[in-house]
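Participant: Let me give you the structure first, and then I'll get to my questions.
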Amino acid sequence: MSPSFEQLEGEALRRRDGEAGRPWLRVGTALCGQAAGADAVVVALRDALESQEVDARLTEVGCLGLCYAEPLLDVQLPGGPRVFYGNFDPERAGEVVAGHVAGGQPVEALALGYLAPLDGLGDGSGGGGGGFVAPPGLRDLSLHPMRAWENRIALRNAGNIDPLDIYQYIASGGYRALNRALLEMTPGEALQQVNESGLRGRGGAAFPTATKWRFLAGNPSPEKYVLCNCEEGDPGAFNDKAILESDPHTLVEGVILAGYATGASRGYIFIRHGHDGPIERCRAAVGQAQELGLLGENILGSGFSFDVEVALTGDSYVAGEESALMEAIEGKRAMPRFRPPFPAQVGLFGKPTNINNVKTLAYVPEIVSKGGAWFAGIGHERSTGTAILCLSGALNYTGMMEVPLGVNLKDVLYDAAGGIRGGKKLKLLQTGGPLGGVLGADNVDVVLDFEVLRNAGAILGSGGIIAADEDTCVVDLTRSLVAFCQYESCGKCFPCRMGMSHLLEVLERICDLKGEPEDLDLMRSTGESMQAGSLCGHGQLGFNPVASALRYFPAEFEAHILEHRCPTGTCHGPRFSPARSRR
Amino acid sequence: MDGLEQRIDGAVRGQSQPTVTILSSLLAVEDELRYIPREAVERVAEFTGATVNDVWAVASFYPNFRFRPPAARQVEVCWGASCHLMGAMGVVKAALEAAGLEGEGERADHRLSVRLNTCLGACAQAPVMAVDHHLVGRVSPDAAARRVSDLLGEDAAAAQGHTAGRFEDEVDAL
Ligand SMILES: Cc1cc2nc3c(=O)[nH]c(=O)nc-3n(C[C@H](O)[C@H](O)[C@H](O)COP(=O)(O)O)c2cc1C
Ligand code: FES
C-alpha cells in the first residue's frame, strides 16, 4: 500500500529535522552554473570538507536567478542566515570551509550577501525563519535589485531545495495542493480555480488555460493526454529548463493536477535531447513520485489514476509547436499537422490532448493551494500572475526573475538588471524568441502585459528578454534572427520554407551593402505571403523580426541600402551559420 | 552479432520508457554510440516495425543525428541571439581558425569538430561554447582559440579508432 499524504509529510519533516544540526552548502548547478564552472566548485568543496574533516551537507541545487554571479555558493550554518558567495573561485573552497563552515565566520571579502533563512518548511535550520542574527558587514540580498522586484510563485523553491529530493519539496509544502484537490475537490472545482486565476499560457500565445482545459475535460474519451512542452528552443529563454533543473516536482505536481482537472489518463513531459541536467532531474522527479504513489494507480487513495512519462525530441525548434510536438512524441519528423481537427479532439496517437508550457503548469499547484482569486489579484488587467523573465545580453545583471505582471519594463532593465553594461546606451530589446520581435529603446517604458507588449510590436512570449547596446547593427541582428528561422523551418509548407530563405537572401544582401531600394517592399510582400499561407506559427510569425525592426529602425535599413553604409559599422564581421539544414 | 550490432541492440531494447518509437530508438542509439550507423537504421526499422525509409526520414530530419563516428573532441559554439549579440561570431571564427577549419565541420584527421548550436541554454553567460558537451560561458575569441589549441595538443593519439564514415555523404546528398 502506498503511504498516505500525512505519512509522507511526517517522513519529510523527520528527514528535515534530522539534518537541521548540520551546516548546509548549496551550489547552483543549473546550465547557467555549469557554464560558469560550478562543477569544479562542487568538487573543490567536497575535497575541502573531506580533507579538513568537516561534517556538512553539500547539495547541488538549481538556479536562484542571479546567473551573472554564478558559480554561486550558499552556506548556511544551523539556525543562521544563508550567506552567498558569488563568482566563486574553487581555489577559495578551503578558505570558506575552514573559516565559515568550521569556524563560523563568513569570509566577508568573498561574500555577495545574505538571505534570511526560509520560514517555510524547507528551511534547513528547522523552520521558524525569524530570530536569526544578520551577519555584520554583509548586504541583505533581499534588497538586491534583482530580488527586490520579485514575487516568486513558480520559482518559489528554485535555488533553495535539492531538486533530486522529493522530501524537501514535500517539506516545503509540496504535493499538498494535489492531496487537497484529489480528496476535497471535484475535477470541475479544480478547473474552476484555474479559471478564476485568469491563468494564460506562457508558451507564447497567452491563451486562457482553463478554456483549453475545458475543451479536453468535455471530451468523454476514456484515454486523454496532457502534454507539457519543454522544447524551449528560443535562444535567450532558459526558464523552462531552469524550472526542471531547480524544482521539477512543482512541474510534476502541476501536470498531475492538469490531468485530474481534465480527466486525462496520461501525461508526457517533452524535452529536447541533449539538455542532460533538465532531463535527468525531471526523470528522477517522475521516478520518485511513482515510488511514493503520487503517480500511478489510485493516487493517494483518491481513485484517480494517472502516470507521466518523459519523452525526448531531437534538435528541432518547430518541435515546440503543439502539433509538431505530437508528431515527435509519436516518433516522426517534427512537422506540424493541419488543423482542424484540433488536439482536444484528435491529438497524440489520435486521442484528445491538451498541451501546455512548463511555466503554465508550474503555477498550478500554488493556484490550487492558495485559490484562483489570489493569483488573479497579482498582475495587470487580463494578464494575471507573474512573468518569468530570462534577462540576457548587454545587461549588468543577467539571469532569471519572476516579477508580477504590470511591472514597468523600464524598471526591470534599468533597476533590476542594473542597466546596460559598460555605461553604454540601450538600443533595442529582442523579446519573445526569434518569432517575437525587437522593441526600440524609446519604447521600453511599458508595463509587462501580454496585450501591451503585443501592441508595441514585441511579445512577452516565453519570457526571454535580450538587450542590445548602441553598437548593435539592427540589420545584422535581423539577419541573424531570420537565419535561425530559416535553419529551423521544418520544410513541410512552402510559404515558410521558401519565404524564410528568400528573406535571408535579401537581408544578407543588405548587410553586404548591396541592397536595392525595392528590397524592403520585396520583404514585406514575402512576409505577407508567409503569414497568409504558412501551416503553423513558425511561418505565420516568421516575418515578425523583420517587421518590428523595420518599424523601429527604418532609417538604419535605408542607410544600408541607399547610402551603402552601416551606421554602427558592425555588420561586416564574420558571418557563420550551420552547414547542414534539415532539407 | 559483432560488437557494434550488440551495442545497437542493447540500446534499442534497453529503452525503459513505455512509449518506444523510431525517434526514441534513434536517440537511444545516439546516446550509446554518438552516431547512427547503417546497422542501427536497419535494427530500428526492424524493432519498430517500420521501413528503413521511415527510419531514414526521421534520422535525416533532426540535425543532431550524425552518420559517422564523432570526432575525438567536439566543440560547439552557440549562435543564438543572446550569444550573437555578445560576440558569438568572433568566437566561432577564432575556434574555427584554431581548429584549421573553414566552416562548421570536422578536421580530416577526425581529432576535432566545430559545430554551431542554436542555444546551449546558458544565455545569461553569453557567449557560450561547449567542449565535449561541457558548457563554458563568457568565452572570448582568444579563450575559445586557446581551448581548441589545447584540445588539439592534448591527445594526438585520440584520433585512432575513427574510421571515415560511409553515410554522411549519402545523407547529405538527400
Ligand atoms: C515554431 C513554434 C515553436 C514553439 N515552441 C514552443 C516551445 O518551445 N515551448 C512552448 O511551450 N511553446 C512553444 N510554442 C507554442 C506551442 O505551440 C503551444 O502554443 C504552447 O506550448 C501551449 O502552451 P500554453 O498554452 O501553456 O502557452 C511554439 C509555437 C511555434 C509556432
Ligand atoms: S543564445 Fe547562446 S546559450 Fe542561449
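Labels for the C-alpha cells follow display order: chains A, B, ..., residues from 1 in each chain, ligands from 1.
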Collect all residues with atoms no farther than 7 Å from ligand 1, counting only C-alpha atoms and all ligand atoms, and output them as a list of chain:residue names.
Facilitator: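 These are the residues that qualify: A:Arg200, A:Gly201, A:Arg202, A:Gly203, A:Gly204, A:Ala205, A:Ala206, A:Phe207, A:Thr209, A:Asn229, A:Cys230, A:Glu231, A:Glu232, A:Gly233, A:Asp234, A:Tyr317, A:Val318, A:Ala319, A:Gly320, A:Glu321, A:Glu322, A:Ile355, A:Asn356, A:Asn357, A:Val358, A:Thr360, A:Cys536, A:Gly537, A:His538.
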Participant: Give as a PyMOL selection string every residue of chain B that touches chain A within 7 Å, counting only C-alpha atoms.
Facilitator: chain B and resi 17+21-24+58+61-64+80-82+85-86+89-90+93+104+116+118-119+121-125+135-137
Participant: Taking into account only C-alpha atoms, which residue in the set B:Thr48, B:Cys83, B:Val91, B:Asp9 is nearest to Ala143 of chain B?
Facilitator: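 Smallest distance to Ala143 of chain B is found for B:Val91.
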Participant: Quick one: everything within 7 Å of segment 516-529 of chain A, counting only C-alpha atoms, minus sequence neighbours fewer than 3 positions away in the same chain. Send it as a list in words.
Facilitator: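 Once the nearby chain positions are removed, what remains is Pro495, Gly499, Leu503, Val506, Ala532, Gly533, Phe543, Ile561 and Leu562 of chain A.
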Participant: Generate a file of the selected residues that holds all heavy atoms, formatted as a CSV table (one decimal), in the first residue's frame.
Facilitator:
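File out_26.csv, as written:
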chain,number,residue,atom,x,y,z
A,495,PRO,N,5.4,28.2,-48.1
A,495,PRO,CA,5.5,29.7,-47.8
A,495,PRO,C,6.6,29.9,-46.8
A,495,PRO,O,7.3,30.9,-46.9
A,495,PRO,CB,4.1,30.0,-47.3
A,495,PRO,CG,3.2,29.0,-47.9
A,495,PRO,CD,4.0,27.7,-48.0
A,499,GLY,N,9.9,31.3,-48.1
A,499,GLY,CA,9.8,32.6,-47.6
A,499,GLY,C,11.0,33.0,-46.8
A,499,GLY,O,11.7,34.0,-46.9
A,503,LEU,N,13.8,35.8,-47.5
A,503,LEU,CA,14.1,36.9,-46.6
A,503,LEU,C,15.6,36.9,-46.2
A,503,LEU,O,16.2,38.0,-46.2
A,503,LEU,CB,13.3,36.7,-45.3
A,503,LEU,CG,11.8,37.0,-45.4
A,503,LEU,CD1,11.2,36.7,-44.0
A,503,LEU,CD2,11.5,38.4,-45.9
A,506,VAL,N,17.7,38.3,-49.0
A,506,VAL,CA,17.6,39.8,-49.1
A,506,VAL,C,18.4,40.4,-48.0
A,506,VAL,O,19.1,41.4,-48.2
A,506,VAL,CB,16.2,40.2,-49.1
A,506,VAL,CG1,16.1,41.7,-49.1
A,506,VAL,CG2,15.5,39.6,-50.3
A,532,ALA,N,0.1,34.6,-44.6
A,532,ALA,CA,-1.2,34.1,-45.1
A,532,ALA,C,-1.2,32.6,-45.4
A,532,ALA,O,-2.2,31.9,-45.2
A,532,ALA,CB,-1.6,34.9,-46.3
A,533,GLY,N,0.0,32.1,-45.8
A,533,GLY,CA,0.0,30.8,-46.4
A,533,GLY,C,0.6,29.7,-45.5
A,533,GLY,O,0.6,28.5,-45.9
A,543,PHE,N,7.9,36.6,-40.1
A,543,PHE,CA,8.2,37.9,-40.6
A,543,PHE,C,8.3,38.9,-39.4
A,543,PHE,O,8.8,40.0,-39.6
A,543,PHE,CB,7.2,38.4,-41.6
A,543,PHE,CG,7.6,39.7,-42.3
A,543,PHE,CD1,8.7,39.7,-43.1
A,543,PHE,CD2,6.8,40.8,-42.2
A,543,PHE,CE1,9.1,40.9,-43.7
A,543,PHE,CE2,7.2,42.0,-42.8
A,543,PHE,CZ,8.3,42.0,-43.6
A,561,ILE,N,20.9,50.5,-47.5
A,561,ILE,CA,20.5,50.4,-48.9
A,561,ILE,C,20.8,51.6,-49.7
A,561,ILE,O,21.4,51.4,-50.8
A,561,ILE,CB,19.0,50.1,-48.9
A,561,ILE,CG1,18.7,48.7,-48.2
A,561,ILE,CG2,18.5,50.0,-50.4
A,561,ILE,CD1,17.2,48.4,-48.1
A,562,LEU,N,20.5,52.8,-49.3
A,562,LEU,CA,20.6,53.9,-50.1
A,562,LEU,C,22.0,54.6,-50.0
A,562,LEU,O,22.5,55.1,-51.0
A,562,LEU,CB,19.5,55.0,-49.7
A,562,LEU,CG,18.1,54.5,-49.9
A,562,LEU,CD1,17.1,55.5,-49.4
A,562,LEU,CD2,17.8,54.0,-51.3
Participant: In Å, how far is it from atom CA of Ala456 of chain A to atom CA of Pro567 of chain A?
Facilitator: 24.6 Å
Participant: With a distance cut-off of 9 Å and only C-alpha atoms, select the neighbouring residues of Asp247 of chain A, excluding the residue or stretch itself and same-chain residues fewer than 2 positions from it, and output the selection as a PyMOL selection string.
Facilitator: chain A and resi 61-62+154-164+169+242-245+249-251+281-282+285
Participant: Selection from above, N, CA and C atoms, as a tab-separated table (two decimals), in the first residue's frame, can you write it?
Facilitator:
chain	number	residue	atom	x	y	z
A	61	VAL	N	21.94	22.47	-6.18
A	61	VAL	CA	20.60	22.99	-6.37
A	61	VAL	C	20.48	23.56	-7.78
A	62	GLY	N	19.35	24.20	-8.05
A	62	GLY	CA	19.12	24.75	-9.40
A	62	GLY	C	19.57	26.19	-9.48
A	154	ALA	N	6.02	30.28	-9.26
A	154	ALA	CA	6.54	29.06	-9.88
A	154	ALA	C	8.00	28.82	-9.45
A	155	LEU	N	8.71	29.89	-9.17
A	155	LEU	CA	10.13	29.74	-8.80
A	155	LEU	C	10.34	29.73	-7.30
A	156	ARG	N	9.25	29.51	-6.52
A	156	ARG	CA	9.37	29.70	-5.07
A	156	ARG	C	10.45	28.84	-4.43
A	157	ASN	N	10.72	27.68	-5.01
A	157	ASN	CA	11.74	26.79	-4.43
A	157	ASN	C	13.06	26.81	-5.18
A	158	ALA	N	13.11	27.52	-6.30
A	158	ALA	CA	14.29	27.44	-7.17
A	158	ALA	C	15.53	27.96	-6.46
A	159	GLY	N	16.55	27.15	-6.44
A	159	GLY	CA	17.80	27.54	-5.79
A	159	GLY	C	17.79	27.28	-4.30
A	160	ASN	N	16.63	26.90	-3.77
A	160	ASN	CA	16.53	26.67	-2.33
A	160	ASN	C	16.61	25.20	-1.96
A	161	ILE	N	15.95	24.37	-2.76
A	161	ILE	CA	15.85	22.96	-2.36
A	161	ILE	C	16.62	22.06	-3.33
A	162	ASP	N	16.85	20.85	-2.86
A	162	ASP	CA	17.52	19.85	-3.67
A	162	ASP	C	16.51	19.30	-4.69
A	163	PRO	N	16.74	19.55	-5.97
A	163	PRO	CA	15.76	19.11	-6.97
A	163	PRO	C	15.64	17.59	-7.04
A	164	LEU	N	16.61	16.88	-6.50
A	164	LEU	CA	16.57	15.43	-6.58
A	164	LEU	C	15.93	14.80	-5.34
A	169	TYR	N	10.87	18.84	-1.26
A	169	TYR	CA	9.73	19.52	-1.88
A	169	TYR	C	8.50	19.39	-0.99
A	242	ALA	N	15.23	25.78	-16.52
A	242	ALA	CA	15.63	26.13	-15.15
A	242	ALA	C	14.62	25.60	-14.13
A	243	ILE	N	13.34	25.59	-14.49
A	243	ILE	CA	12.34	25.04	-13.56
A	243	ILE	C	12.57	23.54	-13.39
A	244	LEU	N	12.84	22.85	-14.50
A	244	LEU	CA	13.09	21.41	-14.40
A	244	LEU	C	14.36	21.13	-13.59
A	245	GLU	N	15.34	22.00	-13.73
A	245	GLU	CA	16.59	21.77	-13.00
A	245	GLU	C	16.51	22.17	-11.55
A	249	HIS	N	9.57	18.93	-9.19
A	249	HIS	CA	8.32	18.43	-8.61
A	249	HIS	C	7.18	19.43	-8.74
A	250	THR	N	7.50	20.73	-8.76
A	250	THR	CA	6.45	21.72	-8.99
A	250	THR	C	5.77	21.44	-10.32
A	251	LEU	N	6.58	21.10	-11.31
A	251	LEU	CA	6.01	20.81	-12.62
A	251	LEU	C	5.24	19.49	-12.59
A	281	ARG	N	17.03	15.49	-14.04
A	281	ARG	CA	16.32	15.91	-12.83
A	281	ARG	C	14.81	15.67	-12.98
A	282	CYS	N	14.30	15.84	-14.18
A	282	CYS	CA	12.87	15.61	-14.39
A	282	CYS	C	12.54	14.13	-14.30
A	285	ALA	N	12.51	13.06	-10.75
A	285	ALA	CA	11.31	13.51	-10.04
A	285	ALA	C	10.12	12.60	-10.36
Participant: Going by DSSP on the backbone, which bits of segment 306-361 of chain A are strand (DSSP E or B)? Write them as a count of residues only, please.
Facilitator: 13
Participant: Please provide the set of residues having any atom within 10 Å of Tyr35 of chain B, restricted to only C-alpha atoms, with same-chain residues fewer than 2 positions apart removed, written as a list in words.
Facilitator: Leu26, Leu27, Val29, Glu30, Asp31, Glu32, Leu33, Pro37, Arg38, Ala40, Asn64, Phe65, Arg66, Phe67, Arg68, Pro69 and Pro70 of chain B
Participant: Considering only C-alpha atoms and all ligand atoms, state which residue in the set B:Leu101, B:Val77, B:Val44, B:Ala57 is at the smallest distance from ligand 2.
Facilitator: B:Val77
Participant: From a DSSP calculation on the backbone, collect every residue of segment 448-545 of chain A in alpha helix (DSSP H) and output the set as JSON, numbers by chain.
Facilitator: {"A": [450, 451, 452, 453, 454, 455, 474, 475, 476, 477, 478, 479, 480, 481, 482, 483, 484, 485, 486, 487, 488, 494, 495, 496, 497, 498, 499, 500, 501, 502, 503, 504, 505, 506, 507, 508, 509, 510, 511, 519, 520, 521, 522, 523, 524, 525, 526, 527, 528, 529, 530, 531, 532, 533, 537, 538, 539, 540, 544, 545]}
Participant: List as a VMD selection string the protein and nucleic acid residues near Val255 of chain A, meaning an atom at most 12 Å away when only C-alpha atoms are counted, but skip any in the same chain fewer than 4 places from it.
Facilitator: chain A and resid 175 178 213 225 to 229 248 to 251 259 to 270 286 289 294 to 295 306 to 310 354 to 365
Participant: Pick out the closest residue to Arg337 of chain A from this set: A:Ser548, A:Ser302, A:Gln7, A:Ser534. Count only C-alpha atoms.
Facilitator: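 Comparing A:Ser548, A:Ser302, A:Gln7, A:Ser534 against Arg337 of chain A, the winner is A:Ser534.
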Participant: Between A:Ile153, A:Ile170, A:Ala102, A:Leu348, which is the closest to Thr19 of chain B once you count only C-alpha atoms?
Facilitator: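 Distance minimum relative to Thr19 of chain B lands on A:Leu348.
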Participant: Atom CA of Leu138 of chain A and atom CA of Ile388 of chain A are how many Å apart?
Facilitator: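 These atoms are spaced 27.9 Å apart.
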Participant: As a PyMOL selection string, please: the residues near Phe553 of chain A (cut-off 12 Å, only C-alpha atoms, same-chain neighbours under 2 positions excluded).
Facilitator: chain A and resi 427-428+438-442+472-475+477-478+545-551+555-560+567
